[in-house]
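Below: one structure, written as structure tokens.
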Amino acid sequence: MTSDRRFRVRMAPSPTGPLHIGTARTSLYNYLAARHVGGTYVLRIEDTDVARSTVEYERDIIDNLHWLGISWDEGPQVAGGEDVGTYGPYRQSQRMDRYAREADRLLASGAAYRCYCTAEELDAVRRAQDAAKEPPRYNGRCRSLGEEERAAFEAEGRRAAVRFAVPPEKIRFTDLIRGEVEFDNALLGDFVIVRADGMPLYHFVVVVDDEAMEISHVIRGEDHLSNTPKHIALIRALGYREPVFGHVPLILNADRSKMSKRKSQTSVTAYREQGYLPEAMVNFLAFLGWSPGTEEEVFTLDELAARFEVGKVHKAGAVFDAERLDHLNGLYIRALADEQLAHRLRPFVPDALDDASLLRVVPLIRERLVRLSDAGELVAFLVETDAEVAANYEAAALIPKKADAAGAAAALSRARSVLADLDHADFSAEVLEERCRGAAEALGWKAGDFFRPIRLAVTGRAISPPLFGSMELLGRDATLARLDAAAEKLAVTA
RNA sequence: GCCCCCAUCGUCUAGAGGCCUAGGACGCCACCCUUUCAAGGUGGAGAUCAGGGGUUCGAAUCCCCUUGGGGGCACCA
């Protein structure tokens with residue numbers, strides 16, 4: 001069970017879709033396990049399904065893995081790029097000769113055989129089994145075909161697939177996470193390892209590549225647990241060394257089924273585009289199925305690597321709790337220095353907002369952000385025209401509950417005149433607040449009631465960053481202009 | 001249908017026979033702070049540890065059964 005080999009693990013994504021949250025977490029666990037013991041981490045692209053694999057998906061996977069901060073020692077580092085490492089090529093589509101060779105070995109030793117059944121025939125068998133409430137598995141028709149029968153099929157123009165003759169024995173192994181597990185391979189049908197068109201299939205290629213790349217520990221999703229006895233049978237038939245297996249629990253939808261695109265947002269890119277921080281994502285994902293055993297819960301990637309142990313990974317699946325992710329994301333956002341946050345916010349705010357202004361609003365909006373994308377709405381008032389701001393609200397909204405239009409107009413005009421007395425140099429948050437509070441008091445208004453219409457006039461929104469800081473950033477001219485626009489709107493309705 | 005895996009607050013989890021009248025976090029509720037919204041602070045509700053049998057002086061922790069959930073059984077990965 002324990003391997004005395006060098007610790008080598010791999011992630012083996014299939015570029016048939018964007019990087020999935022579940023793949024990201026499994027990749028993270030492999031990465032952490034490797035870092036923890038100073039092992040080697042390999043990226044292998046499983047693109048045997050040529051029809052569904054694309055370089056765009058490969059790019060999505062590699063870029064997002066990098067984005068998360070996960071790095072690897074061997075394998076392609078950029079989509080479509082060169083391999084790094086001496087066990088390559090690291091794309092399965094480039095390893096066909098090896099698969100063909102190994103399939104021939106199996107054929108030669110009798111561990112595998114050619115199968116001429118057509119899709120229709122297989123389908124018919126499956127339906128019959130289903131009707132008879134029997135387990136769906138290959139009936140072994142081609143297992144012991146004679147020379148002349150094979151020749152007859154060939155003459156018909158049939159192309160043969162290669163099936164592995166599963167030895168009917170019990171397979172037991174010690175899973176890193178689940179402990180002793182036993183399966184009875186007598187219950188399995190012979191499965192196809194090479195399609196009739198010559199393309200080798202998953203169960204076969206993983207086994208061949210894990211051996212070729214000297215993978216010592218196979219850490220993968222629990223959905224592969226029941227495939228493991230197939231892999232072990234293949235490993236034995238090929239005379240390979242058996243790696244240590246570890247099956248991590250699945251990430252679940254809210255209804256506890258395997259996390260899927262249909263019920264959850266599963267692509268890492270989507271989270272990235274919404275403004276989740278990679279640090280938060282990593283922290284969150286790591287704790288979905290693992291914990292250091294203490295009550296600490298905020299960890300950097302390096303800290304996780306120092307603490308992570310595969311053996312402590314849970315057995316039960318974990319529901320993806322988006323609210324918890326939000327909480328962590330807010331935590332990480334608030335911990336960022338002004339410059340850092342401004343930099344990360346750049347893609348999420350209007351281009352019209354220059355860098356200097358962006359840096360200045362950061363302190364005003366930081367603690368109001370759950371995701372980076374929340375910034376757009378918060379800073380909009382800085383780049384909108386006075387007319388756009390005015391168009392954002394109804395005149396009636398300027399009138400406090402305890403006042404009428406005339407009262408509201410008076411208050412607004414009072415605010416305007418107080419602020420107009422200030423020159424550019426005095427237009428700072430502190431002075432503005434002092435003056436506005438004074439005005440409210442002179443008017444006999446509660447500060448909150450007095451500020452509300454001003455906030456609406458200046459930002460066009462009932463909810464905004466702190467009012468006086470916002471006015472300072474906006475500047476004297478625009479602030480006064482917006483107060484005028486509000487007064488005008490009020491006059492028109494009155 | 002068959003095989004395998006799993007089971008502590010709504011959710012993520014601590015817990016590896018006595019430290020548990022089960023702890024933390026998210027979410028929720030209340031209060032405080034407060035120019036809005038947040039953030040922050042304080043407090044609260046919330047789990048007879050799925051149920052039932054054992055084992056033991058003692059079980060959330062070990063064993064068995066039941067129930068529930070999940071995964072797999074492709075010429076997809």
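Residue numbering restarts at 1 in every chain; chains get A, B, ... in the order shown in the structure tokens, and ligands count up from 1 in that same order.
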**Request:** For A:Gly469, list every protein, DNA or RNA residue within 10 Å, evaluated using only C-alpha atoms (C1' of nucleotides), and leave out those in the same chain fewer than 2 positions away; present the list as a PyMOL selection string.
**Result:** chain A and resi 360-361+363-364+427-430+432-433+465-467+471-475
**Request:** Excluding A:Glu56 and residues on its chain fewer than 2 positions from it, collect all residues at most 12 Å away from it, counting only C-alpha atoms (C1' of nucleotides), and give them as a list of chain:residue names.
**Result:** A:Ser14, A:Pro15, A:Thr16, A:Gly17, A:Pro18, A:Leu19, A:Arg52, A:Ser53, A:Thr54, A:Glu58, A:Arg59, A:Asp60, A:Ile61, A:Ile62, A:Asp63, A:Val78, A:Ala79, A:Gly80
Output file for the residues above (C-alpha atoms, as a compact mmCIF listing (two decimals), in the first residue's frame):
# COMPACT_ATOMS: atom_id res chain seq x y z
CA SER A 14 -10.03 16.44 -20.31
CA PRO A 15 -10.26 19.54 -22.53
CA THR A 16 -13.88 18.86 -23.41
CA GLY A 17 -15.19 21.75 -21.34
CA PRO A 18 -14.01 24.68 -19.24
CA LEU A 19 -12.22 24.01 -15.94
CA ARG A 52 -14.93 16.89 -28.12
CA SER A 53 -11.48 18.20 -27.20
CA THR A 54 -10.46 21.71 -28.17
CA GLU A 58 -7.21 23.45 -22.87
CA ARG A 59 -6.47 27.14 -22.59
CA ASP A 60 -9.35 27.70 -20.19
CA ILE A 61 -8.11 24.87 -17.99
CA ILE A 62 -4.46 25.85 -17.97
CA ASP A 63 -5.12 29.57 -17.54
CA VAL A 78 0.44 27.16 -21.90
CA ALA A 79 -2.38 25.99 -24.12
CA GLY A 80 -1.02 24.40 -27.26
**Message:** Would you pick out the contacts of B:C64 at 12 Å or less, using only C-alpha atoms (C1' of nucleotides), so that residues sharing its chain but fewer than 3 positions from it are not included, and give the list as a ChimeraX atom specification?
**Reply:** /B:52-55
What would the file look like if the residues just selected were written as a PDB file, in the first residue's frame with C-alpha atoms (C1' of nucleotides)?
ATOM      1  C1'   G B  52     -32.430   0.624  16.123  1.00  0.00           C
ATOM      2  C1'   G B  53     -29.592  -3.011  18.335  1.00  0.00           C
ATOM      3  C1'   G B  54     -25.035  -4.495  20.514  1.00  0.00           C
ATOM      4  C1'   U B  55     -19.632  -4.074  22.829  1.00  0.00           C
TER       5        U B  55
END
**chain A residues near chain B (6 Å cut-off, only C-alpha atoms (C1' of nucleotides)) as a PyMOL selection string** = chain A and resi 133-135+195+223+226+295+316+324+367-368+448+451+463
**Request:** Write out as a PyMOL selection string all residues of stretch 3-128 of chain A that backbone DSSP assigns to helix (DSSP H, G or I).
**Result:** chain A and resi 21-37+55-68+92-94+96-109+119-128
For B:G18, list every protein, DNA or RNA residue within 12 Å, evaluated using only C-alpha atoms (C1' of nucleotides), and leave out those in the same chain fewer than 5 positions away; present the list as an mmCIF file with N, CA, C and O atoms (P, O5', C5', C4', C3', O3' and C1' of nucleotides), in the first residue's frame.
data_model
loop_
_atom_site.group_PDB
_atom_site.id
_atom_site.type_symbol
_atom_site.label_atom_id
_atom_site.label_comp_id
_atom_site.auth_asym_id
_atom_site.auth_seq_id
_atom_site.Cartn_x
_atom_site.Cartn_y
_atom_site.Cartn_z
ATOM 1 P P U B 56 -19.407 -6.395 27.124
ATOM 2 O "O5'" U B 56 -18.734 -5.030 27.601
ATOM 3 C "C5'" U B 56 -17.333 -4.820 27.413
ATOM 4 C "C4'" U B 56 -17.003 -3.380 27.685
ATOM 5 C "C3'" U B 56 -17.576 -2.826 28.989
ATOM 6 O "O3'" U B 56 -16.768 -3.176 30.100
ATOM 7 C "C1'" U B 56 -17.972 -1.287 27.236
ATOM 8 P P C B 57 -17.524 -3.636 31.452
ATOM 9 O "O5'" C B 57 -18.102 -2.263 32.036
ATOM 10 C "C5'" C B 57 -19.099 -2.294 33.066
ATOM 11 C "C4'" C B 57 -19.319 -0.891 33.575
ATOM 12 C "C3'" C B 57 -19.581 0.149 32.505
ATOM 13 O "O3'" C B 57 -20.958 0.177 32.158
ATOM 14 C "C1'" C B 57 -17.917 0.955 33.960
ATOM 15 P P G B 58 -21.394 0.282 30.640
ATOM 16 O "O5'" G B 58 -20.869 1.728 30.240
ATOM 17 C "C5'" G B 58 -21.548 2.877 30.744
ATOM 18 C "C4'" G B 58 -20.796 4.121 30.348
ATOM 19 C "C3'" G B 58 -20.611 4.333 28.857
ATOM 20 O "O3'" G B 58 -21.759 4.968 28.301
ATOM 21 C "C1'" G B 58 -18.560 4.685 29.957
ATOM 22 P P A B 59 -22.199 4.572 26.799
ATOM 23 O "O5'" A B 59 -21.071 5.308 25.935
ATOM 24 C "C5'" A B 59 -20.944 6.749 25.868
ATOM 25 C "C4'" A B 59 -20.753 7.120 24.416
ATOM 26 C "C3'" A B 59 -21.975 6.737 23.601
ATOM 27 O "O3'" A B 59 -22.887 7.803 23.382
ATOM 28 C "C1'" A B 59 -19.967 5.750 22.678
ATOM 29 P P U B 61 -21.065 6.447 18.018
ATOM 30 O "O5'" U B 61 -19.980 6.971 16.995
ATOM 31 C "C5'" U B 61 -18.873 6.173 16.590
ATOM 32 C "C4'" U B 61 -17.598 6.950 16.721
ATOM 33 C "C3'" U B 61 -16.405 6.093 17.124
ATOM 34 O "O3'" U B 61 -15.504 6.010 16.031
ATOM 35 C "C1'" U B 61 -16.529 8.098 18.420
#
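Reported to one decimal place, the separation of atom CA of A:Leu398 from atom CA of A:Leu490 is 7.7 Å.
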**Request:** For A:Val383, list every protein, DNA or RNA residue within 10 Å, evaluated using only C-alpha atoms (C1' of nucleotides), and leave out those in the same chain fewer than 3 positions away; present the list as a list in words.
**Result:**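 Near A:Val383, the qualifying residues are Val349, Pro350, Asp351, Ala352, Leu353, Asp354, Val379, Ala380, Asp386, Glu388, Val389 and Leu474 of chain A.
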Go ahead and save the residues from that selection, with N, CA, C and O atoms, as an mmCIF file, in the first residue's frame.
data_model
loop_
_atom_site.group_PDB
_atom_site.id
_atom_site.type_symbol
_atom_site.label_atom_id
_atom_site.label_comp_id
_atom_site.auth_asym_id
_atom_site.auth_seq_id
_atom_site.Cartn_x
_atom_site.Cartn_y
_atom_site.Cartn_z
ATOM 1 N N VAL A 349 -14.142 48.031 -13.403
ATOM 2 C CA VAL A 349 -14.713 49.369 -13.336
ATOM 3 C C VAL A 349 -14.587 50.023 -14.713
ATOM 4 O O VAL A 349 -13.772 49.590 -15.528
ATOM 5 N N PRO A 350 -15.384 51.064 -14.979
ATOM 6 C CA PRO A 350 -15.355 51.702 -16.300
ATOM 7 C C PRO A 350 -13.967 52.240 -16.649
ATOM 8 O O PRO A 350 -13.254 52.724 -15.769
ATOM 9 N N ASP A 351 -13.616 52.147 -17.921
ATOM 10 C CA ASP A 351 -12.337 52.676 -18.383
ATOM 11 C C ASP A 351 -12.265 54.182 -18.128
ATOM 12 O O ASP A 351 -11.195 54.733 -17.917
ATOM 13 N N ALA A 352 -13.433 54.808 -18.156
ATOM 14 C CA ALA A 352 -13.489 56.257 -17.979
ATOM 15 C C ALA A 352 -12.983 56.688 -16.606
ATOM 16 O O ALA A 352 -12.609 57.842 -16.405
ATOM 17 N N LEU A 353 -12.956 55.778 -15.685
ATOM 18 C CA LEU A 353 -12.438 56.115 -14.359
ATOM 19 C C LEU A 353 -10.918 55.953 -14.410
ATOM 20 O O LEU A 353 -10.409 54.846 -14.574
ATOM 21 N N ASP A 354 -10.202 57.066 -14.268
ATOM 22 C CA ASP A 354 -8.741 56.956 -14.394
ATOM 23 C C ASP A 354 -8.131 56.291 -13.164
ATOM 24 O O ASP A 354 -8.751 56.212 -12.113
ATOM 25 N N VAL A 379 -19.038 52.864 -8.134
ATOM 26 C CA VAL A 379 -18.253 53.996 -8.626
ATOM 27 C C VAL A 379 -18.890 54.687 -9.831
ATOM 28 O O VAL A 379 -18.370 55.690 -10.318
ATOM 29 N N ALA A 380 -20.012 54.169 -10.284
ATOM 30 C CA ALA A 380 -20.644 54.690 -11.495
ATOM 31 C C ALA A 380 -20.863 56.206 -11.435
ATOM 32 O O ALA A 380 -20.647 56.915 -12.426
ATOM 33 N N ASP A 386 -23.796 64.517 -15.333
ATOM 34 C CA ASP A 386 -24.771 65.054 -14.382
ATOM 35 C C ASP A 386 -26.188 64.675 -14.818
ATOM 36 O O ASP A 386 -27.046 64.380 -13.991
ATOM 37 N N GLU A 388 -27.096 62.006 -16.544
ATOM 38 C CA GLU A 388 -27.340 60.589 -16.297
ATOM 39 C C GLU A 388 -27.676 60.346 -14.833
ATOM 40 O O GLU A 388 -28.557 59.553 -14.492
ATOM 41 N N VAL A 389 -26.967 61.054 -13.983
ATOM 42 C CA VAL A 389 -27.214 60.896 -12.551
ATOM 43 C C VAL A 389 -28.632 61.351 -12.219
ATOM 44 O O VAL A 389 -29.371 60.669 -11.508
ATOM 45 N N LEU A 474 -15.826 63.689 -6.286
ATOM 46 C CA LEU A 474 -16.547 64.242 -7.430
ATOM 47 C C LEU A 474 -16.057 65.657 -7.733
ATOM 48 O O LEU A 474 -15.944 66.066 -8.892
#
If we count only C-alpha atoms (C1' of nucleotides) and set the cut-off at 12 Å, which residues sit around A:Arg101, ignoring sequence neighbours fewer than 5 positions away in its own chain? Please answer as an mmCIF file with N, CA and C atoms, in the first residue's frame.
data_model
loop_
_atom_site.group_PDB
_atom_site.id
_atom_site.type_symbol
_atom_site.label_atom_id
_atom_site.label_comp_id
_atom_site.auth_asym_id
_atom_site.auth_seq_id
_atom_site.Cartn_x
_atom_site.Cartn_y
_atom_site.Cartn_z
ATOM 1 N N ARG A 95 0.322 10.371 -27.849
ATOM 2 C CA ARG A 95 0.916 9.153 -27.288
ATOM 3 C C ARG A 95 0.295 7.878 -27.877
ATOM 4 N N MET A 96 -0.303 8.025 -29.039
ATOM 5 C CA MET A 96 -1.045 6.921 -29.633
ATOM 6 C C MET A 96 -0.204 5.673 -29.891
ATOM 7 N N LEU A 106 -1.469 -6.833 -24.939
ATOM 8 C CA LEU A 106 -2.624 -7.454 -24.291
ATOM 9 C C LEU A 106 -3.275 -8.479 -25.222
ATOM 10 N N LEU A 107 -3.342 -8.090 -26.503
ATOM 11 C CA LEU A 107 -3.936 -8.976 -27.502
ATOM 12 C C LEU A 107 -3.086 -10.248 -27.619
ATOM 13 N N ALA A 108 -1.783 -10.047 -27.670
ATOM 14 C CA ALA A 108 -0.859 -11.159 -27.846
ATOM 15 C C ALA A 108 -0.913 -12.138 -26.674
ATOM 16 N N VAL A 194 -10.001 -0.205 -26.805
ATOM 17 C CA VAL A 194 -9.674 0.519 -28.045
ATOM 18 C C VAL A 194 -10.905 0.447 -28.943
ATOM 19 N N PRO A 200 -7.947 4.698 -28.489
ATOM 20 C CA PRO A 200 -7.899 4.032 -27.187
ATOM 21 C C PRO A 200 -8.803 4.789 -26.202
ATOM 22 N N VAL A 205 -6.001 4.178 -21.263
ATOM 23 C CA VAL A 205 -4.935 5.169 -21.357
ATOM 24 C C VAL A 205 -4.469 5.721 -20.013
ATOM 25 N N VAL A 208 -2.026 3.143 -18.704
ATOM 26 C CA VAL A 208 -0.775 3.148 -19.466
ATOM 27 C C VAL A 208 0.055 4.385 -19.103
ATOM 28 N N LEU A 238 -0.911 -5.918 -17.478
ATOM 29 C CA LEU A 238 0.187 -5.284 -18.190
ATOM 30 C C LEU A 238 1.518 -5.386 -17.447
#
**Message:** If we count only C-alpha atoms (C1' of nucleotides) and set the cut-off at 10 Å, which residues sit around A:Thr385, ignoring sequence neighbours fewer than 5 positions away in its own chain? Please answer as number ranges by chain.
**Reply:** A: 380, 390-391, 478, 482
**Asked** atom CA of A:Leu328 to atom CA of A:Arg272: how many Å, to one decimal?
**Response** 14.3 Å
